[in-house]
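In what follows, a single structure is set out as structure tokens and then discussed.
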Amino acid sequence: MIQETHVLACPPDGAAADWTIPQNWEAYSAQDHKVWDTLFERQMKLLPGRAAQAYLNGLEALRLSEAGIPNFEELSERLMKLTGWQVVAVPGLVPDDVFFDHMANRRFVAGNFIRRPDQLDYIQEPDVFHDVFGHVPMLADPRFADYLEAYGRGGLRALDLGMLKQLGRLYWYTVEFGLVREAEGLRIYGSGIVSSAAESRFALDSDSPNRIGFDLRRVMRTDYRIDDFQQNYFVIDSFDDLLRQTVETDFAPLYDSIRDLPDIPIATILPGDEVMTNGTQEYARAKAAE
């Protein structure tokens with residue numbers, strides 16, 4: 001997950017210069033593996049008919065249905081054959097420049113710890129289930145794999161241009177909480193949704209959030225929330241289109257065009273939006289009233 005400031009820091013003890021650490025797969029306890037299996041089974045009861053086909057294809061291609069927390073070396077071997085990506089373990093959130101450099105070189109950073117049994121529904125810092133189950137299946141899709149590599153290169157440039165906040169919103173509303181149009185209807189692909197039992201339902205079924213057609217400039221100006229269900233979801237037409245818009249756009253002029261514009265508040269509908277759902281925002285209001 002992208003942080004909002006560029007942090008210059010030394011790697012912690014036990015980490016390499018690029019902040020990677022051994023996964024230490026052998027150190028996982030039986031309870032750790034059981035937590036993974038419990039979360040996996042719960043999500044797989046929900047995701048068919050909800051998740052994007054590319055995500056479901058990735059689950060199958062990477063054999064993530066096998067019991068227990070995946071071994072990163074074995075997972076990377078499968079992923080490398082498909083799209084040239086690999087999964088590397090890190091001790092937690094890493095500095096922005098490190099994060100982007102790994103991504104630009106087709107290395108996906110993942111936490112190697114897993115939540116406790118009493119944290120099945122929510123954990124503040126992304127764990128191995130969020131990172132691997134949520135993110136990695138999409139990396140088996142060549143289009144999305146190319147998108148994330150391009151995003152990593154763009155992230156390094158955004159640091160130099162002072163536009164990390166704006167680029168971070170693109171990551172949030174696609175990689176973490178994106179929806180896609182498919183022939184059968186809207187589908188989820190963002191890791192924050194597919195790894196969450198509650199948001200897997202909320203993102204598609206609730207009348208509360210806005211569902212808005214994806215527009216690059218609009219997304220990069222739009223605030224988001226990190227503490228609860230999203231109030232906006234942006235819907236891409238296809239992964240081909242998402243990749244095309246990313247690689248064919250010169251972001252420097254785009255940044256210049258929005259640099260001095262005000263942020264768009266959460267839940268705002270603009271006159272030019274393609275609105276699929278003008279949400280009631282009932283959920284957010286009820287939470288605010290508590």
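Letters A, B, ... go to the chains of the structure tokens in the order shown; residues in each chain start at 1; ligands are counted from 1 in the same order.
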Inset, instruction - Apply DSSP to the backbone of this structure and, from segment 131-211 of chain A, keep only the residues in alpha helix (DSSP H); write these as a PyMOL selection string. - result: chain A and resi 136-139+142-161+164-171+191-194+197-205
Atoms to include: N, CA and C atoms. Write the selected residues as a compact mmCIF listing (two decimals), in the first residue's frame.
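In the end it all went to out_14.txt:
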# COMPACT_ATOMS: atom_id res chain seq x y z
N VAL A 136 -1.93 -10.91 -5.75
CA VAL A 136 -1.10 -11.70 -6.66
C VAL A 136 -1.88 -12.36 -7.79
N PRO A 137 -3.11 -12.84 -7.60
CA PRO A 137 -3.82 -13.44 -8.75
C PRO A 137 -3.93 -12.50 -9.95
N MET A 138 -4.09 -11.20 -9.72
CA MET A 138 -4.18 -10.27 -10.83
C MET A 138 -2.85 -10.13 -11.57
N LEU A 139 -1.75 -10.43 -10.90
CA LEU A 139 -0.44 -10.34 -11.55
C LEU A 139 -0.21 -11.48 -12.54
N PRO A 142 -1.50 -10.78 -17.98
CA PRO A 142 -0.46 -9.98 -18.63
C PRO A 142 -0.77 -8.48 -18.68
N ARG A 143 -2.04 -8.13 -18.88
CA ARG A 143 -2.40 -6.71 -18.96
C ARG A 143 -2.21 -6.02 -17.62
N PHE A 144 -2.67 -6.64 -16.57
CA PHE A 144 -2.54 -6.03 -15.25
C PHE A 144 -1.09 -6.05 -14.78
N ALA A 145 -0.36 -7.10 -15.14
CA ALA A 145 1.06 -7.18 -14.82
C ALA A 145 1.81 -6.01 -15.46
N ASP A 146 1.48 -5.71 -16.71
CA ASP A 146 2.11 -4.58 -17.39
C ASP A 146 1.69 -3.25 -16.76
N TYR A 147 0.44 -3.16 -16.36
CA TYR A 147 -0.06 -1.94 -15.72
C TYR A 147 0.71 -1.64 -14.44
N LEU A 148 0.93 -2.66 -13.60
CA LEU A 148 1.63 -2.41 -12.35
C LEU A 148 3.09 -2.08 -12.56
N GLU A 149 3.72 -2.68 -13.56
CA GLU A 149 5.09 -2.30 -13.86
C GLU A 149 5.15 -0.83 -14.28
N ALA A 150 4.24 -0.43 -15.17
CA ALA A 150 4.19 0.96 -15.61
C ALA A 150 3.89 1.89 -14.43
N TYR A 151 3.05 1.44 -13.52
CA TYR A 151 2.73 2.25 -12.35
C TYR A 151 3.98 2.45 -11.49
N GLY A 152 4.77 1.40 -11.33
CA GLY A 152 5.99 1.52 -10.55
C GLY A 152 6.94 2.55 -11.14
N ARG A 153 7.11 2.52 -12.46
CA ARG A 153 7.97 3.51 -13.11
C ARG A 153 7.39 4.91 -12.92
N GLY A 154 6.06 5.01 -13.05
CA GLY A 154 5.41 6.30 -12.85
C GLY A 154 5.52 6.80 -11.43
N GLY A 155 5.55 5.88 -10.47
CA GLY A 155 5.69 6.28 -9.08
C GLY A 155 7.02 6.94 -8.80
N LEU A 156 8.09 6.41 -9.38
CA LEU A 156 9.40 7.03 -9.19
C LEU A 156 9.42 8.44 -9.78
N ARG A 157 8.73 8.62 -10.89
CA ARG A 157 8.66 9.94 -11.50
C ARG A 157 7.80 10.88 -10.65
N ALA A 158 6.69 10.36 -10.11
CA ALA A 158 5.81 11.19 -9.28
C ALA A 158 6.53 11.71 -8.04
N LEU A 159 7.45 10.92 -7.49
CA LEU A 159 8.22 11.38 -6.34
C LEU A 159 9.02 12.63 -6.71
N ASP A 160 9.65 12.60 -7.88
CA ASP A 160 10.46 13.73 -8.32
C ASP A 160 9.59 14.96 -8.61
N LEU A 161 8.36 14.73 -9.05
CA LEU A 161 7.47 15.83 -9.43
C LEU A 161 6.58 16.31 -8.28
N LEU A 164 2.92 12.55 -5.52
CA LEU A 164 2.66 11.21 -5.01
C LEU A 164 1.22 11.05 -4.52
N LYS A 165 0.67 12.09 -3.89
CA LYS A 165 -0.70 11.99 -3.39
C LYS A 165 -1.67 11.71 -4.53
N GLN A 166 -1.49 12.41 -5.63
CA GLN A 166 -2.39 12.24 -6.77
C GLN A 166 -2.22 10.86 -7.41
N LEU A 167 -0.99 10.40 -7.57
CA LEU A 167 -0.78 9.09 -8.16
C LEU A 167 -1.24 7.98 -7.20
N GLY A 168 -1.09 8.22 -5.91
CA GLY A 168 -1.55 7.24 -4.94
C GLY A 168 -3.04 6.99 -5.02
N ARG A 169 -3.79 8.01 -5.41
CA ARG A 169 -5.23 7.83 -5.57
C ARG A 169 -5.54 6.89 -6.73
N LEU A 170 -4.74 6.92 -7.76
CA LEU A 170 -4.93 5.99 -8.88
C LEU A 170 -4.74 4.56 -8.39
N TYR A 171 -3.72 4.32 -7.60
CA TYR A 171 -3.49 2.98 -7.04
C TYR A 171 -4.67 2.56 -6.17
N SER A 191 -7.73 -5.46 -4.57
CA SER A 191 -7.33 -6.38 -3.50
C SER A 191 -8.04 -6.10 -2.19
N GLY A 192 -8.31 -4.81 -1.91
CA GLY A 192 -9.00 -4.49 -0.67
C GLY A 192 -10.43 -5.00 -0.64
N ILE A 193 -10.99 -5.27 -1.81
CA ILE A 193 -12.35 -5.82 -1.88
C ILE A 193 -12.30 -7.35 -1.89
N VAL A 194 -11.51 -7.94 -2.79
CA VAL A 194 -11.54 -9.39 -2.94
C VAL A 194 -11.03 -10.11 -1.70
N ALA A 197 -14.47 -10.12 3.19
CA ALA A 197 -15.80 -10.73 3.06
C ALA A 197 -16.89 -9.66 3.02
N ALA A 198 -16.79 -8.67 3.90
CA ALA A 198 -17.83 -7.65 3.98
C ALA A 198 -17.83 -6.74 2.76
N GLU A 199 -16.64 -6.30 2.33
CA GLU A 199 -16.62 -5.36 1.21
C GLU A 199 -16.86 -6.06 -0.13
N SER A 200 -16.62 -7.37 -0.19
CA SER A 200 -16.98 -8.13 -1.39
C SER A 200 -18.47 -8.02 -1.67
N ARG A 201 -19.26 -7.96 -0.61
CA ARG A 201 -20.71 -7.80 -0.75
C ARG A 201 -21.06 -6.32 -0.97
N PHE A 202 -20.51 -5.46 -0.13
CA PHE A 202 -20.88 -4.05 -0.13
C PHE A 202 -20.59 -3.40 -1.48
N ALA A 203 -19.43 -3.69 -2.08
CA ALA A 203 -19.00 -3.00 -3.29
C ALA A 203 -19.96 -3.21 -4.46
N LEU A 204 -20.61 -4.37 -4.50
CA LEU A 204 -21.52 -4.68 -5.61
C LEU A 204 -22.99 -4.59 -5.24
N ASP A 205 -23.32 -4.88 -3.99
CA ASP A 205 -24.73 -5.04 -3.62
C ASP A 205 -25.37 -3.83 -2.96
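Here the residues within segment 84-165 of chain A that DSSP labels strand (DSSP E) on the basis of the backbone are A:Gln86, A:Val87, A:Val88, A:Ala89, A:Val90, A:Arg107, A:Phe108, A:Val109, A:Ala110, A:Gly111.
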Would you save the residues from that selection as a compact mmCIF listing (two decimals), in the first residue's frame, using all heavy atoms?
# COMPACT_ATOMS: atom_id res chain seq x y z
N GLN A 86 7.60 -11.70 -9.59
CA GLN A 86 7.89 -12.54 -8.45
C GLN A 86 7.39 -11.86 -7.18
O GLN A 86 7.13 -10.66 -7.19
CB GLN A 86 9.39 -12.83 -8.33
CG GLN A 86 10.27 -11.61 -8.23
CD GLN A 86 11.74 -11.96 -8.23
OE1 GLN A 86 12.19 -12.80 -7.45
NE2 GLN A 86 12.51 -11.34 -9.12
N VAL A 87 7.24 -12.63 -6.12
CA VAL A 87 6.77 -12.12 -4.84
C VAL A 87 7.93 -12.13 -3.86
O VAL A 87 8.61 -13.16 -3.71
CB VAL A 87 5.61 -12.97 -4.29
CG1 VAL A 87 5.10 -12.40 -2.97
CG2 VAL A 87 4.48 -13.05 -5.31
N VAL A 88 8.18 -10.99 -3.21
CA VAL A 88 9.28 -10.90 -2.24
C VAL A 88 8.71 -10.45 -0.91
O VAL A 88 7.79 -9.63 -0.84
CB VAL A 88 10.38 -9.94 -2.72
CG1 VAL A 88 11.05 -10.49 -3.98
CG2 VAL A 88 9.84 -8.54 -2.98
N ALA A 89 9.25 -10.99 0.17
CA ALA A 89 8.77 -10.66 1.51
C ALA A 89 9.45 -9.40 2.02
O ALA A 89 10.63 -9.16 1.79
CB ALA A 89 9.06 -11.82 2.46
N VAL A 90 8.66 -8.57 2.73
CA VAL A 90 9.17 -7.37 3.39
C VAL A 90 8.60 -7.34 4.80
O VAL A 90 7.59 -7.98 5.09
CB VAL A 90 8.78 -6.09 2.62
CG1 VAL A 90 9.50 -6.01 1.28
CG2 VAL A 90 7.27 -5.99 2.41
N ARG A 107 8.70 -6.93 -9.13
CA ARG A 107 8.78 -7.61 -7.84
C ARG A 107 7.64 -7.07 -6.97
O ARG A 107 7.59 -5.87 -6.71
CB ARG A 107 10.13 -7.37 -7.16
CG ARG A 107 11.31 -7.93 -7.92
CD ARG A 107 12.59 -7.77 -7.12
NE ARG A 107 12.92 -6.37 -6.88
CZ ARG A 107 13.75 -5.65 -7.63
NH1 ARG A 107 14.32 -6.18 -8.71
NH2 ARG A 107 14.00 -4.38 -7.33
N PHE A 108 6.76 -7.96 -6.53
CA PHE A 108 5.65 -7.52 -5.69
C PHE A 108 6.01 -7.76 -4.24
O PHE A 108 6.30 -8.88 -3.83
CB PHE A 108 4.35 -8.26 -6.03
CG PHE A 108 3.18 -7.69 -5.30
CD1 PHE A 108 2.56 -6.53 -5.75
CD2 PHE A 108 2.72 -8.28 -4.13
CE1 PHE A 108 1.50 -5.97 -5.04
CE2 PHE A 108 1.66 -7.73 -3.42
CZ PHE A 108 1.05 -6.58 -3.89
N VAL A 109 5.98 -6.69 -3.43
CA VAL A 109 6.35 -6.80 -2.02
C VAL A 109 5.14 -7.25 -1.21
O VAL A 109 4.03 -6.75 -1.40
CB VAL A 109 6.92 -5.47 -1.48
CG1 VAL A 109 8.20 -5.12 -2.20
CG2 VAL A 109 5.92 -4.33 -1.60
N ALA A 110 5.36 -8.20 -0.32
CA ALA A 110 4.27 -8.75 0.49
C ALA A 110 4.75 -8.95 1.92
O ALA A 110 5.88 -9.40 2.15
CB ALA A 110 3.81 -10.09 -0.09
N GLY A 111 3.89 -8.59 2.86
CA GLY A 111 4.20 -8.89 4.25
C GLY A 111 4.24 -10.39 4.47
O GLY A 111 3.49 -11.14 3.83
Inset, instruction - Compare A:Met103, A:Leu79, A:Val219, A:Ala16 by their minimum atom-to-atom distance to Leu254 of chain A, counting only C-alpha atoms, and give me the closest one. - result: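 Going through A:Met103, A:Leu79, A:Val219, A:Ala16 one by one, the smallest distance to Leu254 of chain A is for A:Val219.
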Legend entry - All residues 12 Å or closer to Ser206 of chain A, only C-alpha atoms, same chain fewer than 6 positions away omitted, as a PyMOL selection string: chain A and resi 198-200+229-233+277-284
Inset, instruction - State, in Å with one decimal place, the distance from atom CA of Leu186 of chain A to atom CA of Ala267 of chain A. - result: 19.3 Å
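Using only C-alpha atoms for every distance, the candidate list A:Asp141, A:Phe100, A:Ile226, A:Asp241 yields A:Asp141 as the residue closest to Lys81 of chain A.
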Legend entry - Shortest interatomic distance to Ala61 of chain A - which of A:Leu120, A:Asn210, A:Thr83, A:Ala140, counting only C-alpha atoms: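 For Ala61 of chain A, the nearest of the given residues is A:Ala140.
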Hey, what's within 12 Å of Ala9 of chain A if we count only C-alpha atoms and toss same-chain stuff fewer than 3 positions away? As an mmCIF file with N, CA, C and O atoms, in the first residue's frame, please?
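Final output, out32.cif:
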data_model
loop_
_atom_site.group_PDB
_atom_site.id
_atom_site.type_symbol
_atom_site.label_atom_id
_atom_site.label_comp_id
_atom_site.auth_asym_id
_atom_site.auth_seq_id
_atom_site.Cartn_x
_atom_site.Cartn_y
_atom_site.Cartn_z
ATOM 1 N N HIS A 6 7.192 10.709 1.045
ATOM 2 C CA HIS A 6 8.414 10.031 0.653
ATOM 3 C C HIS A 6 9.288 9.892 1.890
ATOM 4 O O HIS A 6 9.781 10.874 2.428
ATOM 5 N N PRO A 12 15.249 -2.053 8.330
ATOM 6 C CA PRO A 12 15.359 -2.550 9.704
ATOM 7 C C PRO A 12 16.352 -3.698 9.795
ATOM 8 O O PRO A 12 16.763 -4.278 8.784
ATOM 9 N N ALA A 17 19.290 -4.451 1.757
ATOM 10 C CA ALA A 17 19.275 -3.034 1.398
ATOM 11 C C ALA A 17 17.991 -2.638 0.684
ATOM 12 O O ALA A 17 17.555 -1.488 0.764
ATOM 13 N N ASP A 18 17.371 -3.589 -0.025
ATOM 14 C CA ASP A 18 16.104 -3.302 -0.721
ATOM 15 C C ASP A 18 14.888 -3.617 0.147
ATOM 16 O O ASP A 18 13.779 -3.698 -0.342
ATOM 17 N N TRP A 19 15.111 -3.791 1.425
ATOM 18 C CA TRP A 19 14.079 -4.030 2.433
ATOM 19 C C TRP A 19 13.475 -5.437 2.365
ATOM 20 O O TRP A 19 12.520 -5.729 3.083
ATOM 21 N N LEU A 93 5.164 -2.057 5.762
ATOM 22 C CA LEU A 93 5.180 -0.969 4.792
ATOM 23 C C LEU A 93 6.616 -0.506 4.560
ATOM 24 O O LEU A 93 7.406 -0.401 5.497
ATOM 25 N N VAL A 94 6.946 -0.243 3.309
ATOM 26 C CA VAL A 94 8.312 0.154 2.959
ATOM 27 C C VAL A 94 8.291 1.575 2.414
ATOM 28 O O VAL A 94 7.239 2.086 2.004
ATOM 29 N N PRO A 95 9.434 2.254 2.383
ATOM 30 C CA PRO A 95 9.471 3.612 1.822
ATOM 31 C C PRO A 95 8.999 3.626 0.374
ATOM 32 O O PRO A 95 9.133 2.644 -0.358
ATOM 33 N N ASP A 96 8.477 4.756 -0.034
ATOM 34 C CA ASP A 96 7.872 4.868 -1.353
ATOM 35 C C ASP A 96 8.840 4.523 -2.478
ATOM 36 O O ASP A 96 8.479 3.821 -3.427
ATOM 37 N N ASP A 97 10.074 5.037 -2.389
ATOM 38 C CA ASP A 97 11.012 4.781 -3.474
ATOM 39 C C ASP A 97 11.337 3.296 -3.577
ATOM 40 O O ASP A 97 11.500 2.755 -4.683
ATOM 41 N N VAL A 98 11.397 2.619 -2.460
ATOM 42 C CA VAL A 98 11.650 1.173 -2.452
ATOM 43 C C VAL A 98 10.463 0.428 -3.061
ATOM 44 O O VAL A 98 10.623 -0.472 -3.894
#
Gln53 of chain A surroundings by only C-alpha atoms, 12 Å radius, close-in-sequence under 2 positions cut, as a PDB file with N, CA and C atoms, in the first residue's frame:
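What follows is the written file selection-v3.pdb:
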ATOM      1  N   LEU A  47     -16.702 -15.137  -3.972  1.00  0.00           N
ATOM      2  CA  LEU A  47     -16.123 -14.503  -5.150  1.00  0.00           C
ATOM      3  C   LEU A  47     -16.640 -14.996  -6.496  1.00  0.00           C
ATOM      4  N   PRO A  48     -16.978 -16.266  -6.663  1.00  0.00           N
ATOM      5  CA  PRO A  48     -17.548 -16.649  -7.967  1.00  0.00           C
ATOM      6  C   PRO A  48     -18.814 -15.837  -8.262  1.00  0.00           C
ATOM      7  N   GLY A  49     -18.855 -15.225  -9.440  1.00  0.00           N
ATOM      8  CA  GLY A  49     -19.971 -14.352  -9.784  1.00  0.00           C
ATOM      9  C   GLY A  49     -19.803 -12.934  -9.305  1.00  0.00           C
ATOM     10  N   ARG A  50     -18.761 -12.677  -8.522  1.00  0.00           N
ATOM     11  CA  ARG A  50     -18.472 -11.325  -8.043  1.00  0.00           C
ATOM     12  C   ARG A  50     -17.102 -10.831  -8.522  1.00  0.00           C
ATOM     13  N   ALA A  51     -16.116 -11.704  -8.501  1.00  0.00           N
ATOM     14  CA  ALA A  51     -14.753 -11.315  -8.863  1.00  0.00           C
ATOM     15  C   ALA A  51     -14.574 -11.333 -10.374  1.00  0.00           C
ATOM     16  N   TYR A  55      -9.116 -12.283 -12.231  1.00  0.00           N
ATOM     17  CA  TYR A  55      -8.722 -12.645 -10.873  1.00  0.00           C
ATOM     18  C   TYR A  55      -8.931 -14.141 -10.628  1.00  0.00           C
ATOM     19  N   LEU A  56     -10.094 -14.654 -11.002  1.00  0.00           N
ATOM     20  CA  LEU A  56     -10.384 -16.075 -10.794  1.00  0.00           C
ATOM     21  C   LEU A  56      -9.427 -16.949 -11.601  1.00  0.00           C
ATOM     22  N   ASN A  57      -9.090 -16.511 -12.808  1.00  0.00           N
ATOM     23  CA  ASN A  57      -8.123 -17.258 -13.613  1.00  0.00           C
ATOM     24  C   ASN A  57      -6.764 -17.308 -12.928  1.00  0.00           C
ATOM     25  N   GLY A  58      -6.385 -16.184 -12.309  1.00  0.00           N
ATOM     26  CA  GLY A  58      -5.105 -16.124 -11.615  1.00  0.00           C
ATOM     27  C   GLY A  58      -5.055 -17.051 -10.414  1.00  0.00           C
ATOM     28  N   LEU A  59      -6.139 -17.114  -9.659  1.00  0.00           N
ATOM     29  CA  LEU A  59      -6.200 -18.049  -8.527  1.00  0.00           C
ATOM     30  C   LEU A  59      -5.915 -19.472  -8.980  1.00  0.00           C
ATOM     31  N   GLU A  60      -6.534 -19.845 -10.086  1.00  0.00           N
ATOM     32  CA  GLU A  60      -6.372 -21.210 -10.589  1.00  0.00           C
ATOM     33  C   GLU A  60      -4.974 -21.433 -11.147  1.00  0.00           C
ATOM     34  N   PRO A 137      -3.114 -12.843  -7.602  1.00  0.00           N
ATOM     35  CA  PRO A 137      -3.817 -13.436  -8.752  1.00  0.00           C
ATOM     36  C   PRO A 137      -3.925 -12.501  -9.948  1.00  0.00           C
ATOM     37  N   MET A 138      -4.093 -11.201  -9.716  1.00  0.00           N
ATOM     38  CA  MET A 138      -4.182 -10.269 -10.833  1.00  0.00           C
ATOM     39  C   MET A 138      -2.852 -10.128 -11.568  1.00  0.00           C
ATOM     40  N   ALA A 140      -1.083 -12.475 -12.511  1.00  0.00           N
ATOM     41  CA  ALA A 140      -1.011 -13.542 -13.512  1.00  0.00           C
ATOM     42  C   ALA A 140      -1.633 -13.118 -14.831  1.00  0.00           C
ATOM     43  N   ASP A 141      -2.317 -11.973 -14.842  1.00  0.00           N
ATOM     44  CA  ASP A 141      -2.920 -11.447 -16.066  1.00  0.00           C
ATOM     45  C   ASP A 141      -1.909 -10.522 -16.741  1.00  0.00           C
ATOM     46  N   LEU A 179     -13.326  -1.646  -9.631  1.00  0.00           N
ATOM     47  CA  LEU A 179     -14.360  -2.459 -10.245  1.00  0.00           C
ATOM     48  C   LEU A 179     -14.143  -2.447 -11.754  1.00  0.00           C
ATOM     49  N   VAL A 180     -14.613  -3.493 -12.439  1.00  0.00           N
ATOM     50  CA  VAL A 180     -14.484  -3.585 -13.885  1.00  0.00           C
ATOM     51  C   VAL A 180     -15.810  -4.026 -14.482  1.00  0.00           C
ATOM     52  N   ARG A 181     -16.120  -3.516 -15.680  1.00  0.00           N
ATOM     53  CA  ARG A 181     -17.301  -3.956 -16.410  1.00  0.00           C
ATOM     54  C   ARG A 181     -16.984  -5.252 -17.132  1.00  0.00           C
ATOM     55  N   GLU A 182     -17.834  -6.257 -16.952  1.00  0.00           N
ATOM     56  CA  GLU A 182     -17.729  -7.476 -17.737  1.00  0.00           C
ATOM     57  C   GLU A 182     -19.096  -7.764 -18.357  1.00  0.00           C
ATOM     58  N   ALA A 183     -19.149  -8.720 -19.250  1.00  0.00           N
ATOM     59  CA  ALA A 183     -20.399  -8.983 -19.978  1.00  0.00           C
ATOM     60  C   ALA A 183     -21.545  -9.302 -19.025  1.00  0.00           C
ATOM     61  N   GLU A 184     -21.227  -9.926 -17.903  1.00  0.00           N
ATOM     62  CA  GLU A 184     -22.267 -10.327 -16.956  1.00  0.00           C
ATOM     63  C   GLU A 184     -22.616  -9.229 -15.962  1.00  0.00           C
ATOM     64  N   GLY A 185     -21.869  -8.116 -15.988  1.00  0.00           N
ATOM     65  CA  GLY A 185     -22.124  -7.033 -15.048  1.00  0.00           C
ATOM     66  C   GLY A 185     -20.848  -6.554 -14.390  1.00  0.00           C
ATOM     67  N   LEU A 186     -20.975  -5.727 -13.356  1.00  0.00           N
ATOM     68  CA  LEU A 186     -19.808  -5.221 -12.650  1.00  0.00           C
ATOM     69  C   LEU A 186     -19.159  -6.341 -11.848  1.00  0.00           C
ATOM     70  N   ARG A 187     -17.828  -6.308 -11.807  1.00  0.00           N
ATOM     71  CA  ARG A 187     -17.062  -7.297 -11.062  1.00  0.00           C
ATOM     72  C   ARG A 187     -15.955  -6.597 -10.274  1.00  0.00           C
ATOM     73  N   ILE A 188     -15.541  -7.210  -9.188  1.00  0.00           N
ATOM     74  CA  ILE A 188     -14.490  -6.654  -8.332  1.00  0.00           C
ATOM     75  C   ILE A 188     -13.141  -7.239  -8.720  1.00  0.00           C
ATOM     76  N   TYR A 189     -12.108  -6.402  -8.614  1.00  0.00           N
ATOM     77  CA  TYR A 189     -10.751  -6.906  -8.810  1.00  0.00           C
ATOM     78  C   TYR A 189      -9.769  -6.286  -7.829  1.00  0.00           C
ATOM     79  N   SER A 238     -12.196  -2.034 -19.096  1.00  0.00           N
ATOM     80  CA  SER A 238     -11.465  -3.280 -19.310  1.00  0.00           C
ATOM     81  C   SER A 238     -10.046  -3.081 -18.809  1.00  0.00           C
ATOM     82  N   PHE A 239      -9.332  -4.177 -18.622  1.00  0.00           N
ATOM     83  CA  PHE A 239      -7.931  -4.076 -18.233  1.00  0.00           C
ATOM     84  C   PHE A 239      -7.080  -3.591 -19.408  1.00  0.00           C
TER      85      PHE A 239
END
Inset, instruction - Enter the distance from atom CA of Gln245 of chain A to atom CA of Ile266 of chain A, in Å, rounded to one decimal. - result: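 Rounded to one decimal, the two atoms are 23.4 Å apart.
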